[in-house]
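One file, protein-v5.pdb, is given below (PDB, N, CA and C atoms).
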```pdb
ATOM      1  N   MET A   1     109.139 109.241 104.516
ATOM      2  CA  MET A   1     107.781 109.331 104.057
ATOM      3  C   MET A   1     107.362 110.779 103.841
ATOM      4  N   ALA A   2     108.325 111.621 103.618
ATOM      5  CA  ALA A   2     108.031 113.029 103.374
ATOM      6  C   ALA A   2     107.128 113.207 102.163
ATOM      7  N   ALA A   3     107.279 112.353 101.158
ATOM      8  CA  ALA A   3     106.439 112.457  99.968
ATOM      9  C   ALA A   3     104.981 112.154 100.292
ATOM     10  N   VAL A   4     104.743 111.207 101.180
ATOM     11  CA  VAL A   4     103.370 110.897 101.607
ATOM     12  C   VAL A   4     102.782 112.090 102.347
ATOM     13  N   ILE A   5     103.564 112.685 103.231
ATOM     14  CA  ILE A   5     103.094 113.855 103.979
ATOM     15  C   ILE A   5     102.774 114.997 103.019
ATOM     16  N   ALA A   6     103.640 115.211 102.054
ATOM     17  CA  ALA A   6     103.404 116.272 101.075
ATOM     18  C   ALA A   6     102.129 116.001 100.276
ATOM     19  N   LEU A   7     101.928 114.738  99.887
ATOM     20  CA  LEU A   7     100.720 114.374  99.139
ATOM     21  C   LEU A   7      99.466 114.590  99.991
ATOM     22  N   GLU A   8      99.555 114.216 101.250
ATOM     23  CA  GLU A   8      98.408 114.406 102.144
ATOM     24  C   GLU A   8      98.088 115.882 102.356
ATOM     25  N   HIS A   9      99.080 116.721 102.326
ATOM     26  CA  HIS A   9      98.847 118.147 102.557
ATOM     27  C   HIS A   9      98.489 118.914 101.284
ATOM     28  N   THR A  10      98.608 118.251 100.131
ATOM     29  CA  THR A  10      98.267 118.940  98.888
ATOM     30  C   THR A  10      97.022 118.366  98.223
ATOM     31  N   ARG A  11      96.917 117.038  98.134
ATOM     32  CA  ARG A  11      95.808 116.421  97.401
ATOM     33  C   ARG A  11      94.866 115.608  98.279
ATOM     34  N   LEU A  12      95.305 115.238  99.451
ATOM     35  CA  LEU A  12      94.483 114.417 100.346
ATOM     36  C   LEU A  12      94.256 115.185 101.639
ATOM     37  N   SER A  13      94.163 114.490 102.737
ATOM     38  CA  SER A  13      94.082 115.145 104.036
ATOM     39  C   SER A  13      95.062 114.461 104.978
ATOM     40  N   PRO A  14      95.561 115.166 105.976
ATOM     41  CA  PRO A  14      96.527 114.566 106.895
ATOM     42  C   PRO A  14      95.988 113.279 107.530
ATOM     43  N   GLY A  15      96.793 112.242 107.492
ATOM     44  CA  GLY A  15      96.418 110.959 108.068
ATOM     45  C   GLY A  15      95.640 110.044 107.134
ATOM     46  N   HIS A  16      95.344 110.517 105.930
ATOM     47  CA  HIS A  16      94.529 109.749 104.987
ATOM     48  C   HIS A  16      95.182 108.419 104.608
ATOM     49  N   VAL A  17      96.452 108.443 104.309
ATOM     50  CA  VAL A  17      97.136 107.222 103.875
ATOM     51  C   VAL A  17      97.146 106.187 105.003
ATOM     52  N   ALA A  18      97.406 106.621 106.210
ATOM     53  CA  ALA A  18      97.391 105.698 107.352
ATOM     54  C   ALA A  18      95.995 105.109 107.543
ATOM     55  N   ALA A  19      94.960 105.909 107.381
ATOM     56  CA  ALA A  19      93.589 105.425 107.544
ATOM     57  C   ALA A  19      93.234 104.391 106.479
ATOM     58  N   VAL A  20      93.661 104.627 105.260
ATOM     59  CA  VAL A  20      93.370 103.680 104.183
ATOM     60  C   VAL A  20      94.171 102.394 104.369
ATOM     61  N   LEU A  21      95.405 102.527 104.813
ATOM     62  CA  LEU A  21      96.218 101.344 105.097
ATOM     63  C   LEU A  21      95.573 100.527 106.222
ATOM     64  N   LEU A  22      95.065 101.180 107.220
ATOM     65  CA  LEU A  22      94.371 100.502 108.313
ATOM     66  C   LEU A  22      93.097  99.830 107.809
ATOM     67  N   ALA A  23      92.352 100.511 106.930
ATOM     68  CA  ALA A  23      91.125  99.930 106.376
ATOM     69  C   ALA A  23      91.434  98.674 105.565
ATOM     70  N   TRP A  24      92.510  98.680 104.778
ATOM     71  CA  TRP A  24      92.910  97.505 103.997
ATOM     72  C   TRP A  24      93.315  96.368 104.945
ATOM     73  N   THR A  25      94.026  96.692 106.004
ATOM     74  CA  THR A  25      94.420  95.681 106.987
ATOM     75  C   THR A  25      93.192  95.049 107.623
ATOM     76  N   ARG A  26      92.253  95.874 108.029
ATOM     77  CA  ARG A  26      91.032  95.362 108.670
ATOM     78  C   ARG A  26      90.214  94.499 107.714
ATOM     79  N   GLN A  27      90.196  94.868 106.455
ATOM     80  CA  GLN A  27      89.416  94.125 105.472
ATOM     81  C   GLN A  27      90.036  92.760 105.194
ATOM     82  N   VAL A  28      91.346  92.671 105.265
ATOM     83  CA  VAL A  28      92.055  91.458 104.863
ATOM     84  C   VAL A  28      92.336  90.504 106.010
ATOM     85  N   ILE A  29      92.785  91.025 107.134
ATOM     86  CA  ILE A  29      93.283  90.179 108.208
ATOM     87  C   ILE A  29      92.216  90.031 109.299
ATOM     88  N   PRO A  30      91.675  88.837 109.466
ATOM     89  CA  PRO A  30      90.626  88.627 110.471
ATOM     90  C   PRO A  30      91.112  88.983 111.876
ATOM     91  N   GLY A  31      90.220  89.572 112.639
ATOM     92  CA  GLY A  31      90.517  89.881 114.029
ATOM     93  C   GLY A  31      91.210  91.203 114.265
ATOM     94  N   THR A  32      91.690  91.867 113.215
ATOM     95  CA  THR A  32      92.418  93.106 113.437
ATOM     96  C   THR A  32      91.495  94.250 113.830
ATOM     97  N   SER A  33      90.219  94.140 113.513
ATOM     98  CA  SER A  33      89.319  95.247 113.852
ATOM     99  C   SER A  33      89.172  95.419 115.360
ATOM    100  N   THR A  34      89.445  94.367 116.121
ATOM    101  CA  THR A  34      89.368  94.501 117.575
ATOM    102  C   THR A  34      90.723  94.829 118.183
ATOM    103  N   GLN A  35      91.779  94.705 117.401
ATOM    104  CA  GLN A  35      93.123  94.926 117.917
ATOM    105  C   GLN A  35      93.679  96.291 117.560
ATOM    106  N   LEU A  36      93.118  96.937 116.557
ATOM    107  CA  LEU A  36      93.645  98.203 116.072
ATOM    108  C   LEU A  36      92.750  99.356 116.510
ATOM    109  N   LEU A  37      93.280 100.541 116.411
ATOM    110  CA  LEU A  37      92.525 101.732 116.789
ATOM    111  C   LEU A  37      91.313 101.902 115.896
ATOM    112  N   PRO A  38      90.224 102.427 116.414
ATOM    113  CA  PRO A  38      89.029 102.637 115.588
ATOM    114  C   PRO A  38      89.277 103.716 114.541
ATOM    115  N   THR A  39      88.532 103.630 113.454
ATOM    116  CA  THR A  39      88.624 104.643 112.403
ATOM    117  C   THR A  39      87.305 105.389 112.327
ATOM    118  N   CYS A  40      87.350 106.518 111.695
ATOM    119  CA  CYS A  40      86.151 107.333 111.511
ATOM    120  C   CYS A  40      85.182 106.599 110.586
ATOM    121  N   THR A  41      83.880 106.668 110.888
ATOM    122  CA  THR A  41      82.891 105.983 110.068
ATOM    123  C   THR A  41      82.013 106.945 109.278
ATOM    124  N   CYS A  42      82.346 108.234 109.272
ATOM    125  CA  CYS A  42      81.528 109.174 108.504
ATOM    126  C   CYS A  42      81.672 108.879 107.016
ATOM    127  N   LEU A  43      80.675 109.292 106.241
ATOM    128  CA  LEU A  43      80.676 108.969 104.812
ATOM    129  C   LEU A  43      81.891 109.512 104.084
ATOM    130  N   GLY A  44      82.403 110.642 104.510
ATOM    131  CA  GLY A  44      83.564 111.221 103.849
ATOM    132  C   GLY A  44      84.848 110.461 104.100
ATOM    133  N   CYS A  45      84.886 109.675 105.168
ATOM    134  CA  CYS A  45      86.106 108.953 105.532
ATOM    135  C   CYS A  45      86.068 107.474 105.179
ATOM    136  N   ARG A  46      84.877 106.912 104.956
ATOM    137  CA  ARG A  46      84.774 105.481 104.661
ATOM    138  C   ARG A  46      85.304 105.195 103.282
ATOM    139  N   GLU A  47      86.036 104.126 103.170
ATOM    140  CA  GLU A  47      86.561 103.699 101.884
ATOM    141  C   GLU A  47      85.903 102.377 101.505
ATOM    142  N   ASP A  48      85.274 102.325 100.334
ATOM    143  CA  ASP A  48      84.670 101.084  99.888
ATOM    144  C   ASP A  48      85.726 100.111  99.386
ATOM    145  N   ASP A  49      86.775 100.614  98.782
ATOM    146  CA  ASP A  49      87.838  99.770  98.268
ATOM    147  C   ASP A  49      89.175 100.377  98.676
ATOM    148  N   PRO A  50      89.634 100.066  99.888
ATOM    149  CA  PRO A  50      90.879 100.676 100.347
ATOM    150  C   PRO A  50      92.083 100.289  99.498
ATOM    151  N   ARG A  51      92.072  99.100  98.889
ATOM    152  CA  ARG A  51      93.223  98.707  98.064
ATOM    153  C   ARG A  51      93.305  99.570  96.819
ATOM    154  N   GLU A  52      92.147  99.927  96.273
ATOM    155  CA  GLU A  52      92.116 100.825  95.114
ATOM    156  C   GLU A  52      92.679 102.192  95.506
ATOM    157  N   GLU A  53      92.280 102.666  96.666
ATOM    158  CA  GLU A  53      92.781 103.954  97.157
ATOM    159  C   GLU A  53      94.292 103.913  97.357
ATOM    160  N   LEU A  54      94.783 102.801  97.916
ATOM    161  CA  LEU A  54      96.234 102.668  98.103
ATOM    162  C   LEU A  54      96.956 102.658  96.758
ATOM    163  N   GLU A  55      96.364 102.017  95.780
ATOM    164  CA  GLU A  55      96.971 101.990  94.444
ATOM    165  C   GLU A  55      97.050 103.398  93.864
ATOM    166  N   GLN A  56      96.000 104.178  94.062
ATOM    167  CA  GLN A  56      96.001 105.558  93.568
ATOM    168  C   GLN A  56      97.065 106.387  94.278
ATOM    169  N   VAL A  57      97.211 106.171  95.574
ATOM    170  CA  VAL A  57      98.242 106.889  96.333
ATOM    171  C   VAL A  57      99.623 106.491  95.831
ATOM    172  N   LEU A  58      99.845 105.191  95.642
ATOM    173  CA  LEU A  58     101.144 104.724  95.149
ATOM    174  C   LEU A  58     101.483 105.354  93.800
ATOM    175  N   MET A  59     100.490 105.454  92.921
ATOM    176  CA  MET A  59     100.738 106.031  91.598
ATOM    177  C   MET A  59     100.939 107.550  91.667
ATOM    178  N   ALA A  60     100.391 108.186  92.685
ATOM    179  CA  ALA A  60     100.536 109.639  92.833
ATOM    180  C   ALA A  60     101.893 110.024  93.430
ATOM    181  N   LEU A  61     102.543 109.077  94.088
ATOM    182  CA  LEU A  61     103.841 109.362  94.706
ATOM    183  C   LEU A  61     104.948 109.374  93.652
ATOM    184  N   PRO A  62     106.003 110.118  93.904
ATOM    185  CA  PRO A  62     107.159 110.036  92.998
ATOM    186  C   PRO A  62     107.673 108.590  92.973
ATOM    187  N   ARG A  63     108.139 108.157  91.844
ATOM    188  CA  ARG A  63     108.565 106.771  91.636
ATOM    189  C   ARG A  63     109.559 106.301  92.699
ATOM    190  N   TRP A  64     110.478 107.146  93.094
ATOM    191  CA  TRP A  64     111.512 106.732  94.040
ATOM    192  C   TRP A  64     110.987 106.533  95.459
ATOM    193  N   THR A  65     109.789 107.057  95.768
ATOM    194  CA  THR A  65     109.246 106.898  97.121
ATOM    195  C   THR A  65     108.233 105.758  97.237
ATOM    196  N   ARG A  66     107.773 105.231  96.121
ATOM    197  CA  ARG A  66     106.757 104.172  96.146
ATOM    198  C   ARG A  66     107.184 102.942  96.945
ATOM    199  N   PRO A  67     108.431 102.477  96.835
ATOM    200  CA  PRO A  67     108.809 101.267  97.589
ATOM    201  C   PRO A  67     108.628 101.407  99.097
ATOM    202  N   HIS A  68     108.766 102.599  99.622
ATOM    203  CA  HIS A  68     108.610 102.793 101.063
ATOM    204  C   HIS A  68     107.179 102.480 101.507
ATOM    205  N   LEU A  69     106.206 103.036 100.806
ATOM    206  CA  LEU A  69     104.813 102.756 101.142
ATOM    207  C   LEU A  69     104.456 101.318 100.784
ATOM    208  N   TYR A  70     104.935 100.863  99.631
ATOM    209  CA  TYR A  70     104.594  99.500  99.206
ATOM    210  C   TYR A  70     105.130  98.447 100.177
ATOM    211  N   SER A  71     106.206  98.759 100.880
ATOM    212  CA  SER A  71     106.724  97.804 101.867
ATOM    213  C   SER A  71     105.732  97.607 103.010
ATOM    214  N   LEU A  72     104.840  98.562 103.225
ATOM    215  CA  LEU A  72     103.783  98.421 104.221
ATOM    216  C   LEU A  72     102.551  97.717 103.651
ATOM    217  N   VAL A  73     102.318  97.909 102.362
ATOM    218  CA  VAL A  73     101.157  97.323 101.698
ATOM    219  C   VAL A  73     101.400  95.845 101.371
ATOM    220  N   LEU A  74     102.604  95.499 101.000
ATOM    221  CA  LEU A  74     102.923  94.155 100.519
ATOM    222  C   LEU A  74     102.545  93.040 101.495
ATOM    223  N   PRO A  75     102.855  93.122 102.784
ATOM    224  CA  PRO A  75     102.450  92.026 103.680
ATOM    225  C   PRO A  75     100.929  91.829 103.740
ATOM    226  N   ILE A  76     100.196  92.909 103.619
ATOM    227  CA  ILE A  76      98.729  92.809 103.627
ATOM    228  C   ILE A  76      98.263  92.165 102.323
ATOM    229  N   ASP A  77      98.860  92.576 101.212
ATOM    230  CA  ASP A  77      98.537  91.965  99.919
ATOM    231  C   ASP A  77      98.816  90.457  99.950
ATOM    232  N   ARG A  78      99.938  90.084 100.521
ATOM    233  CA  ARG A  78     100.277  88.648 100.598
ATOM    234  C   ARG A  78      99.263  87.891 101.442
ATOM    235  N   SER A  79      98.832  88.494 102.520
ATOM    236  CA  SER A  79      97.811  87.871 103.357
ATOM    237  C   SER A  79      96.505  87.728 102.576
ATOM    238  N   PHE A  80      96.153  88.751 101.813
ATOM    239  CA  PHE A  80      94.946  88.708 100.987
ATOM    240  C   PHE A  80      95.048  87.576  99.965
ATOM    241  N   LEU A  81      96.188  87.457  99.318
ATOM    242  CA  LEU A  81      96.381  86.389  98.334
ATOM    243  C   LEU A  81      96.274  85.016  98.985
ATOM    244  N   ALA A  82      96.799  84.878 100.182
ATOM    245  CA  ALA A  82      96.748  83.594 100.887
ATOM    246  C   ALA A  82      95.330  83.232 101.323
ATOM    247  N   ARG A  83      94.481  84.218 101.551
ATOM    248  CA  ARG A  83      93.122  83.977 102.049
ATOM    249  C   ARG A  83      92.062  83.948 100.952
ATOM    250  N   THR A  84      92.458  84.185  99.732
ATOM    251  CA  THR A  84      91.502  84.227  98.628
ATOM    252  C   THR A  84      91.947  83.274  97.530
ATOM    253  N   SER A  85      91.094  83.124  96.540
ATOM    254  CA  SER A  85      91.440  82.296  95.384
ATOM    255  C   SER A  85      91.066  83.050  94.115
ATOM    256  N   PRO A  86      91.654  82.674  92.982
ATOM    257  CA  PRO A  86      91.307  83.359  91.736
ATOM    258  C   PRO A  86      89.825  83.164  91.401
ATOM    259  N   ASP A  87      89.224  84.195  90.901
ATOM    260  CA  ASP A  87      87.829  84.134  90.470
ATOM    261  C   ASP A  87      87.825  83.969  88.957
ATOM    262  N   PRO A  88      87.486  82.777  88.459
ATOM    263  CA  PRO A  88      87.534  82.551  87.009
ATOM    264  C   PRO A  88      86.529  83.398  86.237
ATOM    265  N   LEU A  89      85.532  83.934  86.924
ATOM    266  CA  LEU A  89      84.525  84.753  86.248
ATOM    267  C   LEU A  89      84.856  86.238  86.255
ATOM    268  N   ALA A  90      85.889  86.623  86.969
ATOM    269  CA  ALA A  90      86.257  88.045  87.052
ATOM    270  C   ALA A  90      86.850  88.529  85.734
ATOM    271  N   SER A  91      86.558  89.752  85.431
ATOM    272  CA  SER A  91      87.096  90.361  84.220
ATOM    273  C   SER A  91      88.593  90.600  84.366
ATOM    274  N   PRO A  92      89.385  90.237  83.357
ATOM    275  CA  PRO A  92      90.828  90.485  83.429
ATOM    276  C   PRO A  92      91.175  91.973  83.378
ATOM    277  N   ASP A  93      90.193  92.807  83.073
ATOM    278  CA  ASP A  93      90.418  94.255  83.047
ATOM    279  C   ASP A  93      90.386  94.864  84.447
ATOM    280  N   ARG A  94      89.908  94.108  85.420
ATOM    281  CA  ARG A  94      89.827  94.607  86.784
ATOM    282  C   ARG A  94      91.181  94.487  87.468
ATOM    283  N   PRO A  95      91.418  95.267  88.512
ATOM    284  CA  PRO A  95      92.674  95.146  89.257
ATOM    285  C   PRO A  95      92.802  93.746  89.854
ATOM    286  N   TRP A  96      94.019  93.309  90.123
ATOM    287  CA  TRP A  96      94.258  91.937  90.590
ATOM    288  C   TRP A  96      93.462  91.597  91.839
ATOM    289  N   TRP A  97      93.311  92.540  92.771
ATOM    290  CA  TRP A  97      92.603  92.246  94.019
ATOM    291  C   TRP A  97      91.103  92.084  93.799
ATOM    292  N   GLN A  98      90.587  92.587  92.684
ATOM    293  CA  GLN A  98      89.179  92.400  92.355
ATOM    294  C   GLN A  98      88.962  91.151  91.505
ATOM    295  N   GLN A  99      90.027  90.475  91.173
ATOM    296  CA  GLN A  99      89.950  89.210  90.450
ATOM    297  C   GLN A  99      90.078  88.016  91.397
ATOM    298  N   ARG A 100      89.910  88.265  92.672
ATOM    299  CA  ARG A 100      90.013  87.216  93.693
ATOM    300  C   ARG A 100      88.674  87.074  94.397
ATOM    301  N   ARG A 101      88.417  85.921  94.950
ATOM    302  CA  ARG A 101      87.198  85.728  95.728
ATOM    303  C   ARG A 101      87.558  85.154  97.090
ATOM    304  N   ARG A 102      86.798  85.572  98.054
ATOM    305  CA  ARG A 102      86.997  85.105  99.424
ATOM    306  C   ARG A 102      86.296  83.754  99.572
ATOM    307  N   PRO A 103      86.836  82.905 100.433
ATOM    308  CA  PRO A 103      86.171  81.614 100.647
ATOM    309  C   PRO A 103      84.799  81.817 101.283
ATOM    310  N   THR A 104      83.872  80.957 100.931
ATOM    311  CA  THR A 104      82.559  81.038 101.545
ATOM    312  C   THR A 104      82.553  80.234 102.835
ATOM    313  N   ALA A 105      81.834  80.743 103.802
ATOM    314  CA  ALA A 105      81.826  80.088 105.123
ATOM    315  C   ALA A 105      80.880  78.912 105.165
TER
END
```

Exercise: express the given structure as structure tokens:
Amino acid sequence: MAAVIALEHTRLSPGHVAAVLLAWTRQVIPGTSTQLLPTCTCLGCREDDPREELEQVLMALPRWTRPHLYSLVLPIDRSFLARTSPDPLASPDRPWWQQRRRPTA
């Protein structure tokens, strides 16, 4: 993950990728917010769309290093797909995760 570290030290901040990965996990998998370490809640650290941020990080990495990070993202994505359904009203121009809707309680 040297490429992630290099990206964090040049364009992001140290620990940024881990924080966004944690935010995506918390958003997708119920109950993880009580099981995982707390994250910073300041405005500069909060992510409104952690999956979008992860996508930007994946695209910023050299092509040969993307599978390493994506192997961490993929199980969360699969969980998200299993817990959501396609939104027929969503624009096809939006990213796939924004074309899904969560079940209503």

Which residues would end up in the selection if the PyMOL selection byres (((chain A and resi 58 and name CA) around 10) and name CA) were applied here, given that I need the answer as a PDB file with N, CA and C atoms, in the coordinates of the input?
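The resulting out17.pdb:
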```
ATOM      1  N   VAL A   4     104.743 111.207 101.180  1.00  0.00           N
ATOM      2  CA  VAL A   4     103.370 110.897 101.607  1.00  0.00           C
ATOM      3  C   VAL A   4     102.782 112.090 102.347  1.00  0.00           C
ATOM      4  N   VAL A  17      96.452 108.443 104.309  1.00  0.00           N
ATOM      5  CA  VAL A  17      97.136 107.222 103.875  1.00  0.00           C
ATOM      6  C   VAL A  17      97.146 106.187 105.003  1.00  0.00           C
ATOM      7  N   GLU A  52      92.147  99.927  96.273  1.00  0.00           N
ATOM      8  CA  GLU A  52      92.116 100.825  95.114  1.00  0.00           C
ATOM      9  C   GLU A  52      92.679 102.192  95.506  1.00  0.00           C
ATOM     10  N   GLU A  53      92.280 102.666  96.666  1.00  0.00           N
ATOM     11  CA  GLU A  53      92.781 103.954  97.157  1.00  0.00           C
ATOM     12  C   GLU A  53      94.292 103.913  97.357  1.00  0.00           C
ATOM     13  N   LEU A  54      94.783 102.801  97.916  1.00  0.00           N
ATOM     14  CA  LEU A  54      96.234 102.668  98.103  1.00  0.00           C
ATOM     15  C   LEU A  54      96.956 102.658  96.758  1.00  0.00           C
ATOM     16  N   GLU A  55      96.364 102.017  95.780  1.00  0.00           N
ATOM     17  CA  GLU A  55      96.971 101.990  94.444  1.00  0.00           C
ATOM     18  C   GLU A  55      97.050 103.398  93.864  1.00  0.00           C
ATOM     19  N   GLN A  56      96.000 104.178  94.062  1.00  0.00           N
ATOM     20  CA  GLN A  56      96.001 105.558  93.568  1.00  0.00           C
ATOM     21  C   GLN A  56      97.065 106.387  94.278  1.00  0.00           C
ATOM     22  N   VAL A  57      97.211 106.171  95.574  1.00  0.00           N
ATOM     23  CA  VAL A  57      98.242 106.889  96.333  1.00  0.00           C
ATOM     24  C   VAL A  57      99.623 106.491  95.831  1.00  0.00           C
ATOM     25  N   MET A  59     100.490 105.454  92.921  1.00  0.00           N
ATOM     26  CA  MET A  59     100.738 106.031  91.598  1.00  0.00           C
ATOM     27  C   MET A  59     100.939 107.550  91.667  1.00  0.00           C
ATOM     28  N   ALA A  60     100.391 108.186  92.685  1.00  0.00           N
ATOM     29  CA  ALA A  60     100.536 109.639  92.833  1.00  0.00           C
ATOM     30  C   ALA A  60     101.893 110.024  93.430  1.00  0.00           C
ATOM     31  N   LEU A  61     102.543 109.077  94.088  1.00  0.00           N
ATOM     32  CA  LEU A  61     103.841 109.362  94.706  1.00  0.00           C
ATOM     33  C   LEU A  61     104.948 109.374  93.652  1.00  0.00           C
ATOM     34  N   PRO A  62     106.003 110.118  93.904  1.00  0.00           N
ATOM     35  CA  PRO A  62     107.159 110.036  92.998  1.00  0.00           C
ATOM     36  C   PRO A  62     107.673 108.590  92.973  1.00  0.00           C
ATOM     37  N   ARG A  63     108.139 108.157  91.844  1.00  0.00           N
ATOM     38  CA  ARG A  63     108.565 106.771  91.636  1.00  0.00           C
ATOM     39  C   ARG A  63     109.559 106.301  92.699  1.00  0.00           C
ATOM     40  N   THR A  65     109.789 107.057  95.768  1.00  0.00           N
ATOM     41  CA  THR A  65     109.246 106.898  97.121  1.00  0.00           C
ATOM     42  C   THR A  65     108.233 105.758  97.237  1.00  0.00           C
ATOM     43  N   ARG A  66     107.773 105.231  96.121  1.00  0.00           N
ATOM     44  CA  ARG A  66     106.757 104.172  96.146  1.00  0.00           C
ATOM     45  C   ARG A  66     107.184 102.942  96.945  1.00  0.00           C
ATOM     46  N   PRO A  67     108.431 102.477  96.835  1.00  0.00           N
ATOM     47  CA  PRO A  67     108.809 101.267  97.589  1.00  0.00           C
ATOM     48  C   PRO A  67     108.628 101.407  99.097  1.00  0.00           C
ATOM     49  N   HIS A  68     108.766 102.599  99.622  1.00  0.00           N
ATOM     50  CA  HIS A  68     108.610 102.793 101.063  1.00  0.00           C
ATOM     51  C   HIS A  68     107.179 102.480 101.507  1.00  0.00           C
ATOM     52  N   LEU A  69     106.206 103.036 100.806  1.00  0.00           N
ATOM     53  CA  LEU A  69     104.813 102.756 101.142  1.00  0.00           C
ATOM     54  C   LEU A  69     104.456 101.318 100.784  1.00  0.00           C
ATOM     55  N   TYR A  70     104.935 100.863  99.631  1.00  0.00           N
ATOM     56  CA  TYR A  70     104.594  99.500  99.206  1.00  0.00           C
ATOM     57  C   TYR A  70     105.130  98.447 100.177  1.00  0.00           C
ATOM     58  N   VAL A  73     102.318  97.909 102.362  1.00  0.00           N
ATOM     59  CA  VAL A  73     101.157  97.323 101.698  1.00  0.00           C
ATOM     60  C   VAL A  73     101.400  95.845 101.371  1.00  0.00           C
TER      61      VAL A  73
END
```

The centre and edge lengths of an axis-aligned box containing all atoms of range 95-105 of chain A present in the file, extended by 5 Å on each side, are to be given in Å to one decimal, as JSON.
```
{"center_x": 87.6, "center_y": 87.1, "center_z": 96.8, "size_x": 23.4, "size_y": 26.4, "size_z": 26.7}
```

Legend entry - Pick from A:Asp87, A:Trp64, A:Gln27, A:Leu72, whichever lies nearest to Ala3 in chain A using only C-alpha atoms: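 Of A:Asp87, A:Trp64, A:Gln27, A:Leu72, the one nearest Ala3 in chain A is A:Trp64, counting only C-alpha atoms.
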
Inset, instruction - Return as a PyMOL selection string the full set of residues in chain A whose backbone-based DSSP assignment is strand (DSSP E). - result: chain A and resi 85-86+100-101

Step by step, work through what the PyMOL selection byres ((chain A and resi 102) around 8) selects in the shown file, and finish by giving those residues as a PDB file with N, CA and C atoms, keeping the file's coordinate frame.
```pdb
ATOM      1  N   ARG A  83      94.481  84.218 101.551  1.00  0.00           N
ATOM      2  CA  ARG A  83      93.122  83.977 102.049  1.00  0.00           C
ATOM      3  C   ARG A  83      92.062  83.948 100.952  1.00  0.00           C
ATOM      4  N   THR A  84      92.458  84.185  99.732  1.00  0.00           N
ATOM      5  CA  THR A  84      91.502  84.227  98.628  1.00  0.00           C
ATOM      6  C   THR A  84      91.947  83.274  97.530  1.00  0.00           C
ATOM      7  N   SER A  85      91.094  83.124  96.540  1.00  0.00           N
ATOM      8  CA  SER A  85      91.440  82.296  95.384  1.00  0.00           C
ATOM      9  C   SER A  85      91.066  83.050  94.115  1.00  0.00           C
ATOM     10  N   PRO A  86      91.654  82.674  92.982  1.00  0.00           N
ATOM     11  CA  PRO A  86      91.307  83.359  91.736  1.00  0.00           C
ATOM     12  C   PRO A  86      89.825  83.164  91.401  1.00  0.00           C
ATOM     13  N   ASP A  87      89.224  84.195  90.901  1.00  0.00           N
ATOM     14  CA  ASP A  87      87.829  84.134  90.470  1.00  0.00           C
ATOM     15  C   ASP A  87      87.825  83.969  88.957  1.00  0.00           C
ATOM     16  N   GLN A  99      90.027  90.475  91.173  1.00  0.00           N
ATOM     17  CA  GLN A  99      89.950  89.210  90.450  1.00  0.00           C
ATOM     18  C   GLN A  99      90.078  88.016  91.397  1.00  0.00           C
ATOM     19  N   ARG A 100      89.910  88.265  92.672  1.00  0.00           N
ATOM     20  CA  ARG A 100      90.013  87.216  93.693  1.00  0.00           C
ATOM     21  C   ARG A 100      88.674  87.074  94.397  1.00  0.00           C
ATOM     22  N   ARG A 101      88.417  85.921  94.950  1.00  0.00           N
ATOM     23  CA  ARG A 101      87.198  85.728  95.728  1.00  0.00           C
ATOM     24  C   ARG A 101      87.558  85.154  97.090  1.00  0.00           C
ATOM     25  N   PRO A 103      86.836  82.905 100.433  1.00  0.00           N
ATOM     26  CA  PRO A 103      86.171  81.614 100.647  1.00  0.00           C
ATOM     27  C   PRO A 103      84.799  81.817 101.283  1.00  0.00           C
ATOM     28  N   THR A 104      83.872  80.957 100.931  1.00  0.00           N
ATOM     29  CA  THR A 104      82.559  81.038 101.545  1.00  0.00           C
ATOM     30  C   THR A 104      82.553  80.234 102.835  1.00  0.00           C
ATOM     31  N   ALA A 105      81.834  80.743 103.802  1.00  0.00           N
ATOM     32  CA  ALA A 105      81.826  80.088 105.123  1.00  0.00           C
ATOM     33  C   ALA A 105      80.880  78.912 105.165  1.00  0.00           C
TER      34      ALA A 105
END
```

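Picture a line from CA of Arg26 in chain A to atom C of Gln98 in chain A; it runs 17.8 Å.
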
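Considering all atoms listed in the file, the residue among A:Leu7, A:Pro95, A:Ala2, A:Pro50 positioned nearest to Leu21 in chain A is A:Pro50.
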
Inset, instruction - Could you check which of A:Val20, A:Ala90, A:Ala6, A:Leu12 is closest to Arg51 in chain A, using only N, CA and C atoms? - result: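 For Arg51 in chain A, the nearest of the given residues is A:Val20.
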
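CA of Ser71 in chain A sits 17.8 Å away from CA of Trp96 in chain A.
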
Inset, instruction - Quote the spacing between atom N of Ile5 in chain A and CA of Ala23 in chain A in Å to one decimal place. - result: 18.1 Å

Inset, instruction - Have a look at A:Asp48, A:His9, A:Trp24, A:Ala18 and name the one nearest to Asp77 in chain A; count only N, CA and C atoms. - result: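 The shortest atom-to-atom distance to Asp77 in chain A comes from A:Trp24.
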
Legend entry - Radius query 7 Å about (96.2, 90.6, 104.0), atoms used: all atoms listed in the file, as a count of residues only: 13
